$ cat upload35.cif   # mmCIF, C-alpha atoms, pLDDT in the B column; chains and numbers go by the auth columns
data_work
loop_
_atom_site.group_PDB
_atom_site.id
_atom_site.type_symbol
_atom_site.label_atom_id
_atom_site.label_comp_id
_atom_site.label_asym_id
_atom_site.label_seq_id
_atom_site.Cartn_x
_atom_site.Cartn_y
_atom_site.Cartn_z
_atom_site.B_iso_or_equiv
_atom_site.auth_seq_id
_atom_site.auth_asym_id
ATOM 1 C CA GLN A 1 -8.336 -2.852 18.864 66.00 1 C
ATOM 2 C CA LYS A 2 -6.835 -2.328 15.425 77.00 2 C
ATOM 3 C CA GLU A 3 -3.078 -2.561 15.074 86.00 3 C
ATOM 4 C CA VAL A 4 -2.974 0.839 13.359 91.00 4 C
ATOM 5 C CA GLU A 5 -5.485 3.662 13.664 92.00 5 C
ATOM 6 C CA GLN A 6 -5.646 6.563 11.239 92.00 6 C
ATOM 7 C CA ASP A 7 -8.284 9.258 10.933 87.00 7 C
ATOM 8 C CA PRO A 8 -9.703 8.972 7.403 84.00 8 C
ATOM 9 C CA GLY A 9 -10.525 12.668 7.191 86.00 9 C
ATOM 10 C CA PRO A 10 -11.236 14.185 4.763 92.00 10 C
ATOM 11 C CA LEU A 11 -8.869 17.023 5.513 95.00 11 C
ATOM 12 C CA SER A 12 -9.085 20.236 3.521 97.00 12 C
ATOM 13 C CA VAL A 13 -6.519 23.055 3.862 97.00 13 C
ATOM 14 C CA PRO A 14 -5.616 26.216 1.931 97.00 14 C
ATOM 15 C CA GLU A 15 -2.480 26.268 -0.159 97.00 15 C
ATOM 16 C CA GLY A 16 0.592 27.119 1.910 97.00 16 C
ATOM 17 C CA ALA A 17 -0.781 25.680 5.148 97.00 17 C
ATOM 18 C CA ILE A 18 1.099 23.241 7.341 97.00 18 C
ATOM 19 C CA VAL A 19 -0.565 19.842 7.326 97.00 19 C
ATOM 20 C CA SER A 20 -0.329 17.354 10.174 96.00 20 C
ATOM 21 C CA LEU A 21 -1.248 13.730 9.569 97.00 21 C
ATOM 22 C CA ASN A 22 -1.200 11.194 12.372 96.00 22 C
ATOM 23 C CA CYS A 23 -1.432 7.528 13.217 96.00 23 C
ATOM 24 C CA THR A 24 -1.525 5.630 16.456 96.00 24 C
ATOM 25 C CA TYR A 25 -0.656 2.006 16.974 95.00 25 C
ATOM 26 C CA SER A 26 -0.884 -0.638 19.621 92.00 26 C
ATOM 27 C CA ASN A 27 1.966 -3.045 18.885 89.00 27 C
ATOM 28 C CA SER A 28 5.189 -2.057 20.622 89.00 28 C
ATOM 29 C CA ALA A 29 7.114 -4.471 18.380 89.00 29 C
ATOM 30 C CA PHE A 30 6.834 -2.138 15.390 90.00 30 C
ATOM 31 C CA GLN A 31 10.256 -0.803 14.487 90.00 31 C
ATOM 32 C CA TYR A 32 9.825 0.706 11.024 92.00 32 C
ATOM 33 C CA PHE A 33 7.318 3.418 10.270 94.00 33 C
ATOM 34 C CA MET A 34 6.424 4.455 6.736 94.00 34 C
ATOM 35 C CA TRP A 35 4.310 7.071 5.017 96.00 35 C
ATOM 36 C CA TYR A 36 2.857 6.476 1.579 94.00 36 C
ATOM 37 C CA ARG A 37 1.043 8.873 -0.738 96.00 37 C
ATOM 38 C CA GLN A 38 -1.650 7.523 -3.018 93.00 38 C
ATOM 39 C CA TYR A 39 -3.242 9.517 -5.801 93.00 39 C
ATOM 40 C CA SER A 40 -6.681 8.505 -6.989 87.00 40 C
ATOM 41 C CA ARG A 41 -6.665 5.215 -8.901 84.00 41 C
ATOM 42 C CA LYS A 42 -2.904 4.827 -8.530 89.00 42 C
ATOM 43 C CA GLY A 43 -0.697 2.617 -6.418 91.00 43 C
ATOM 44 C CA PRO A 44 0.805 3.998 -3.183 92.00 44 C
ATOM 45 C CA GLU A 45 4.160 5.750 -3.415 91.00 45 C
ATOM 46 C CA LEU A 46 6.644 5.541 -0.555 90.00 46 C
ATOM 47 C CA LEU A 47 7.370 9.024 0.788 93.00 47 C
ATOM 48 C CA MET A 48 9.695 8.204 3.641 90.00 48 C
ATOM 49 C CA TYR A 49 10.365 5.755 6.400 88.00 49 C
ATOM 50 C CA THR A 50 11.821 6.020 9.867 90.00 50 C
ATOM 51 C CA TYR A 51 13.456 3.451 12.056 87.00 51 C
ATOM 52 C CA SER A 52 12.544 3.613 15.723 83.00 52 C
ATOM 53 C CA SER A 53 11.896 6.997 17.350 83.00 53 C
ATOM 54 C CA GLY A 54 12.900 10.408 16.125 85.00 54 C
ATOM 55 C CA ASN A 55 12.449 12.803 13.243 91.00 55 C
ATOM 56 C CA LYS A 56 13.289 12.559 9.590 93.00 56 C
ATOM 57 C CA GLU A 57 13.073 15.415 7.132 95.00 57 C
ATOM 58 C CA ASP A 58 12.893 15.343 3.354 94.00 58 C
ATOM 59 C CA GLY A 59 12.175 18.645 1.679 96.00 59 C
ATOM 60 C CA ARG A 60 8.752 19.856 2.775 97.00 60 C
ATOM 61 C CA PHE A 61 7.995 16.584 4.551 97.00 61 C
ATOM 62 C CA THR A 62 8.903 15.693 8.123 97.00 62 C
ATOM 63 C CA ALA A 63 8.135 12.353 9.750 96.00 63 C
ATOM 64 C CA GLN A 64 8.074 12.001 13.517 95.00 64 C
ATOM 65 C CA VAL A 65 7.884 8.858 15.601 95.00 65 C
ATOM 66 C CA ASP A 66 7.148 8.810 19.320 93.00 66 C
ATOM 67 C CA LYS A 67 7.404 5.201 20.405 91.00 67 C
ATOM 68 C CA SER A 68 6.620 6.004 24.027 91.00 68 C
ATOM 69 C CA SER A 69 3.210 7.310 22.965 93.00 69 C
ATOM 70 C CA LYS A 70 2.848 4.900 20.036 93.00 70 C
ATOM 71 C CA TYR A 71 2.166 7.891 17.804 94.00 71 C
ATOM 72 C CA ILE A 72 3.565 8.885 14.436 96.00 72 C
ATOM 73 C CA SER A 73 3.095 12.043 12.414 96.00 73 C
ATOM 74 C CA LEU A 74 3.768 13.387 8.967 97.00 74 C
ATOM 75 C CA PHE A 75 4.056 17.151 8.555 97.00 75 C
ATOM 76 C CA ILE A 76 3.804 18.840 5.189 97.00 76 C
ATOM 77 C CA ARG A 77 5.056 22.424 5.052 97.00 77 C
ATOM 78 C CA ASP A 78 3.951 24.952 2.442 97.00 78 C
ATOM 79 C CA SER A 79 1.315 22.546 1.163 97.00 79 C
ATOM 80 C CA GLN A 80 0.596 22.573 -2.557 97.00 80 C
ATOM 81 C CA PRO A 81 -2.453 21.512 -4.573 97.00 81 C
ATOM 82 C CA SER A 82 -0.298 18.675 -5.937 96.00 82 C
ATOM 83 C CA ASP A 83 -0.117 17.299 -2.389 97.00 83 C
ATOM 84 C CA SER A 84 -3.826 16.475 -2.620 97.00 84 C
ATOM 85 C CA ALA A 85 -3.939 12.704 -2.193 96.00 85 C
ATOM 86 C CA THR A 86 -4.584 9.997 0.355 94.00 86 C
ATOM 87 C CA TYR A 87 -1.751 9.476 2.835 96.00 87 C
ATOM 88 C CA LEU A 88 -1.296 6.055 4.381 95.00 88 C
ATOM 89 C CA CYS A 89 0.844 5.242 7.350 95.00 89 C
ATOM 90 C CA ALA A 90 2.379 1.790 7.559 93.00 90 C
ATOM 91 C CA MET A 91 4.328 -0.081 10.169 91.00 91 C
ATOM 92 C CA PHE A 92 6.511 -3.108 10.211 88.00 92 C
ATOM 93 C CA GLY A 93 7.504 -5.419 13.027 84.00 93 C
ATOM 94 C CA ASN A 94 7.506 -8.855 11.503 80.00 94 C
ATOM 95 C CA GLN A 95 4.808 -7.974 8.977 82.00 95 C
ATOM 96 C CA PHE A 96 3.289 -4.869 7.480 85.00 96 C
ATOM 97 C CA TYR A 97 0.230 -3.077 8.797 89.00 97 C
ATOM 98 C CA PHE A 98 -1.379 -0.175 6.985 90.00 98 C
ATOM 99 C CA GLY A 99 -3.606 2.594 8.244 92.00 99 C
ATOM 100 C CA THR A 100 -6.865 3.303 6.430 89.00 100 C
ATOM 101 C CA GLY A 101 -5.443 6.482 4.898 92.00 101 C
ATOM 102 C CA THR A 102 -6.265 10.174 5.323 94.00 102 C
ATOM 103 C CA SER A 103 -7.694 12.016 2.348 94.00 103 C
ATOM 104 C CA LEU A 104 -6.087 15.456 1.949 96.00 104 C
ATOM 105 C CA THR A 105 -7.221 18.273 -0.333 97.00 105 C
ATOM 106 C CA VAL A 106 -5.109 21.403 -0.686 97.00 106 C
ATOM 107 C CA ILE A 107 -7.202 24.249 -2.029 97.00 107 C
ATOM 108 C CA PRO A 108 -5.469 26.781 -4.323 96.00 108 C
ATOM 109 C CA GLY B 1 14.849 3.182 -9.398 62.00 1 O
ATOM 110 C CA ALA B 2 12.484 0.732 -7.717 84.00 2 O
ATOM 111 C CA VAL B 3 9.825 0.708 -10.398 90.00 3 O
ATOM 112 C CA VAL B 4 7.015 -1.821 -10.343 94.00 4 O
ATOM 113 C CA SER B 5 4.643 -2.272 -13.241 95.00 5 O
ATOM 114 C CA GLN B 6 1.291 -3.998 -13.479 96.00 6 O
ATOM 115 C CA HIS B 7 -0.545 -5.226 -16.504 96.00 7 O
ATOM 116 C CA PRO B 8 -3.276 -4.710 -17.447 96.00 8 O
ATOM 117 C CA SER B 9 -4.193 -1.425 -15.803 94.00 9 O
ATOM 118 C CA TRP B 10 -7.898 -2.029 -16.364 95.00 10 O
ATOM 119 C CA VAL B 11 -9.760 -5.152 -17.339 96.00 11 O
ATOM 120 C CA ILE B 12 -13.441 -5.849 -17.867 95.00 12 O
ATOM 121 C CA CYS B 13 -14.567 -9.444 -18.071 95.00 13 O
ATOM 122 C CA LYS B 14 -17.704 -11.537 -18.032 95.00 14 O
ATOM 123 C CA SER B 15 -18.759 -13.432 -14.952 96.00 15 O
ATOM 124 C CA GLY B 16 -17.250 -16.911 -14.866 96.00 16 O
ATOM 125 C CA THR B 17 -14.105 -16.108 -16.787 96.00 17 O
ATOM 126 C CA SER B 18 -10.578 -16.018 -15.384 96.00 18 O
ATOM 127 C CA VAL B 19 -8.327 -12.977 -15.385 97.00 19 O
ATOM 128 C CA LYS B 20 -4.556 -12.858 -15.010 97.00 20 O
ATOM 129 C CA ILE B 21 -2.757 -9.809 -13.643 97.00 21 O
ATOM 130 C CA GLU B 22 1.005 -9.459 -13.973 97.00 22 O
ATOM 131 C CA CYS B 23 3.305 -7.643 -11.577 96.00 23 O
ATOM 132 C CA ARG B 24 6.889 -6.919 -12.577 95.00 24 O
ATOM 133 C CA SER B 25 9.783 -5.279 -10.774 93.00 25 O
ATOM 134 C CA LEU B 26 11.573 -3.478 -13.593 93.00 26 O
ATOM 135 C CA ASP B 27 14.889 -2.460 -12.100 90.00 27 O
ATOM 136 C CA PHE B 28 15.473 -4.671 -9.100 89.00 28 O
ATOM 137 C CA GLN B 29 15.076 -8.266 -7.998 90.00 29 O
ATOM 138 C CA ALA B 30 12.156 -8.719 -5.674 89.00 30 O
ATOM 139 C CA THR B 31 12.578 -11.475 -3.149 87.00 31 O
ATOM 140 C CA THR B 32 9.037 -10.926 -1.923 91.00 32 O
ATOM 141 C CA MET B 33 5.910 -9.730 -3.675 94.00 33 O
ATOM 142 C CA PHE B 34 2.620 -8.820 -2.069 94.00 34 O
ATOM 143 C CA TRP B 35 -0.882 -8.705 -3.493 96.00 35 O
ATOM 144 C CA TYR B 36 -3.463 -6.299 -2.110 95.00 36 O
ATOM 145 C CA ARG B 37 -7.061 -5.524 -2.778 95.00 37 O
ATOM 146 C CA GLN B 38 -8.484 -2.059 -2.238 91.00 38 O
ATOM 147 C CA PHE B 39 -12.118 -1.019 -2.183 86.00 39 O
ATOM 148 C CA PRO B 40 -13.099 2.608 -2.837 80.00 40 O
ATOM 149 C CA LYS B 41 -12.030 4.931 -0.039 75.00 41 O
ATOM 150 C CA GLN B 42 -10.669 2.033 1.984 79.00 42 O
ATOM 151 C CA SER B 43 -7.181 0.976 2.841 80.00 43 O
ATOM 152 C CA LEU B 44 -5.150 -1.812 1.390 88.00 44 O
ATOM 153 C CA MET B 45 -6.191 -5.328 2.292 90.00 45 O
ATOM 154 C CA LEU B 46 -3.326 -7.782 2.085 92.00 46 O
ATOM 155 C CA MET B 47 -4.373 -10.899 0.196 95.00 47 O
ATOM 156 C CA ALA B 48 -1.162 -12.885 0.027 94.00 48 O
ATOM 157 C CA THR B 49 2.596 -12.783 0.265 93.00 49 O
ATOM 158 C CA SER B 50 4.769 -14.672 -2.170 91.00 50 O
ATOM 159 C CA ASN B 51 8.451 -15.455 -2.223 86.00 51 O
ATOM 160 C CA GLU B 52 10.165 -16.448 -5.442 82.00 52 O
ATOM 161 C CA GLY B 53 10.000 -20.165 -5.998 79.00 53 O
ATOM 162 C CA SER B 54 7.715 -20.841 -3.034 82.00 54 O
ATOM 163 C CA LYS B 55 4.002 -21.192 -2.561 86.00 55 O
ATOM 164 C CA ALA B 56 2.208 -18.020 -1.612 91.00 56 O
ATOM 165 C CA THR B 57 1.041 -17.414 1.945 92.00 57 O
ATOM 166 C CA TYR B 58 -2.577 -16.335 1.948 95.00 58 O
ATOM 167 C CA GLU B 59 -4.254 -14.142 4.545 92.00 59 O
ATOM 168 C CA GLN B 60 -7.161 -15.487 6.488 92.00 60 O
ATOM 169 C CA GLY B 61 -10.372 -15.397 4.495 92.00 61 O
ATOM 170 C CA VAL B 62 -8.677 -15.283 1.084 94.00 62 O
ATOM 171 C CA GLU B 63 -9.490 -18.319 -1.062 93.00 63 O
ATOM 172 C CA LYS B 64 -6.262 -19.670 -2.476 92.00 64 O
ATOM 173 C CA ASP B 65 -8.080 -21.693 -5.134 94.00 65 O
ATOM 174 C CA LYS B 66 -9.822 -18.589 -6.364 96.00 66 O
ATOM 175 C CA PHE B 67 -6.847 -16.240 -6.280 96.00 67 O
ATOM 176 C CA LEU B 68 -3.952 -18.162 -7.770 95.00 68 O
ATOM 177 C CA ILE B 69 -0.558 -16.597 -7.242 94.00 69 O
ATOM 178 C CA ASN B 70 2.583 -17.583 -9.061 90.00 70 O
ATOM 179 C CA HIS B 71 5.981 -16.041 -8.336 88.00 71 O
ATOM 180 C CA ALA B 72 8.066 -17.706 -10.996 82.00 72 O
ATOM 181 C CA SER B 73 11.038 -15.359 -10.993 88.00 73 O
ATOM 182 C CA LEU B 74 12.594 -12.555 -8.995 89.00 74 O
ATOM 183 C CA THR B 75 10.948 -10.004 -11.266 92.00 75 O
ATOM 184 C CA LEU B 76 7.514 -11.449 -12.005 93.00 76 O
ATOM 185 C CA SER B 77 4.494 -12.475 -10.011 94.00 77 O
ATOM 186 C CA THR B 78 1.024 -13.180 -11.372 95.00 78 O
ATOM 187 C CA LEU B 79 -2.403 -13.169 -9.768 96.00 79 O
ATOM 188 C CA THR B 80 -5.136 -15.115 -11.509 97.00 80 O
ATOM 189 C CA VAL B 81 -8.706 -14.509 -10.430 97.00 81 O
ATOM 190 C CA THR B 82 -10.488 -17.717 -11.386 96.00 82 O
ATOM 191 C CA SER B 83 -14.182 -17.853 -12.246 96.00 83 O
ATOM 192 C CA ALA B 84 -14.550 -14.162 -11.509 96.00 84 O
ATOM 193 C CA HIS B 85 -17.844 -12.813 -10.217 95.00 85 O
ATOM 194 C CA PRO B 86 -19.115 -9.240 -9.805 95.00 86 O
ATOM 195 C CA GLU B 87 -18.130 -9.233 -6.125 94.00 87 O
ATOM 196 C CA ASP B 88 -14.518 -9.714 -7.235 95.00 88 O
ATOM 197 C CA SER B 89 -14.596 -6.309 -8.904 95.00 89 O
ATOM 198 C CA SER B 90 -11.987 -4.224 -7.140 95.00 90 O
ATOM 199 C CA PHE B 91 -8.646 -2.466 -7.434 95.00 91 O
ATOM 200 C CA TYR B 92 -5.800 -4.984 -7.171 97.00 92 O
ATOM 201 C CA ILE B 93 -2.351 -3.677 -6.290 96.00 93 O
ATOM 202 C CA CYS B 94 0.914 -5.556 -6.089 96.00 94 O
ATOM 203 C CA SER B 95 4.067 -4.514 -4.349 95.00 95 O
ATOM 204 C CA ALA B 96 7.620 -5.787 -4.492 93.00 96 O
ATOM 205 C CA SER B 97 10.327 -5.789 -1.891 89.00 97 O
ATOM 206 C CA HIS B 98 14.029 -6.596 -1.829 84.00 98 O
ATOM 207 C CA SER B 99 14.601 -5.537 1.752 79.00 99 O
ATOM 208 C CA LYS B 100 12.824 -6.172 4.994 70.00 100 O
ATOM 209 C CA VAL B 101 11.154 -2.806 5.117 76.00 101 O
ATOM 210 C CA GLU B 102 10.585 -1.127 1.810 82.00 102 O
ATOM 211 C CA GLN B 103 7.699 -2.063 -0.432 88.00 103 O
ATOM 212 C CA PHE B 104 7.349 -0.547 -3.873 91.00 104 O
ATOM 213 C CA PHE B 105 3.872 -0.559 -5.251 94.00 105 O
ATOM 214 C CA GLY B 106 2.619 -1.061 -8.759 95.00 106 O
ATOM 215 C CA PRO B 107 0.064 1.316 -10.280 94.00 107 O
ATOM 216 C CA GLY B 108 -2.798 -1.100 -9.670 95.00 108 O
ATOM 217 C CA THR B 109 -5.246 -2.991 -11.859 96.00 109 O
ATOM 218 C CA ARG B 110 -8.914 -2.143 -11.902 95.00 110 O
ATOM 219 C CA LEU B 111 -11.010 -5.270 -12.403 96.00 111 O
ATOM 220 C CA THR B 112 -14.648 -4.981 -13.394 95.00 112 O
ATOM 221 C CA VAL B 113 -16.636 -8.198 -13.635 95.00 113 O
ATOM 222 C CA LEU B 114 -19.924 -7.896 -15.472 95.00 114 O
#
$ encode --input "upload35.cif" --output "structure tokens"
Amino acid sequence: QKEVEQDPGPLSVPEGAIVSLNCTYSNSAFQYFMWYRQYSRKGPELLMYTYSSGNKEDGRFTAQVDKSSKYISLFIRDSQPSDSATYLCAMFGNQFYFGTGTSLTVIP
Amino acid sequence: GAVVSQHPSWVICKSGTSVKIECRSLDFQATTMFWYRQFPKQSLMLMATSNEGSKATYEQGVEKDKFLINHASLTLSTLTVTSAHPEDSSFYICSASHSKVEQFFGPGTRLTVL
């Protein structure tokens, strides 16, 4: 079983839709949970990170962590074409583990 | 803040030659730098972790004699792909960290070996 599982998509939504991106994990030692956005042929960009369980909001982005279910989510409200990218989840216990990334396209 | 640069952004070389990629943290001191490899439509594959002044720690299956990593200062790490072959063609990304959790990624270097 992989440490981190992420549906690769692709996911295609109309502009303005709410997007839900998810990852599951198996290692209960993970304490930090990150979401990165990666545009084509660019390095990943840290969007936000959360420590332990709970929600964190930053503008149109909300990260949720449910440690009891070993499940994390990233919600994007009022999605824009500029949100089209690959979104990677990452987790840290004593080392980093990355998901495979979900490709998102927001259609104008 | 937290800007990481990589140079070059794209390099094409002949088979058998060596290529050096630089990774710099521009506005902070990076105690740890990471090197990743990424194939098209796949996630990041960690190659090695380096701490300033120490030897790099390589992931299983990564040849340390082929991928030489030097982390000479708190703002610079280099990856040298020695005797490159076409199968080494890939997107190489570095990241830098000054805390336990946050990694800041460079823009990546596309290597094409002919």
$ atom_distance --input "upload35.cif" --atom1 "atom CA of Thr24 of chain C" --atom2 "atom CA of Ala2 of chain O"
28.4 Å
$ closest_residue --input "upload35.cif" --among "C:Thr100, C:Gln38, C:Gln95, C:Ser28" --to "chain O" --atoms "only C-alpha atoms"
C:Thr100
$ interface_residues --input "upload35.cif" --of "chain O" --to "chain C" --cutoff "12 Å" --atoms "all atoms listed in the file" --output "MDAnalysis selection string"
chainID O and resid 2:6 9:10 34:46 48:49 59 90:97 99:111
$ atom_distance --input "upload35.cif" --atom1 "atom CA of Glu15 of chain C" --atom2 "atom CA of Gln80 of chain C"
5.4 Å
$ residues_around --input "upload35.cif" --residues "Leu74 of chain C" --least-positions-apart "4" --cutoff "6 Å" --atoms "all atoms listed in the file" --output "list of chain:residue names"
C:Ser20, C:Leu21, C:Thr62, C:Ala63
$ closest_residue --input "upload35.cif" --among "C:Val106, C:Val4, C:Cys23, C:Ala90" --to "Asp66 of chain C" --atoms "only C-alpha atoms"
C:Cys23
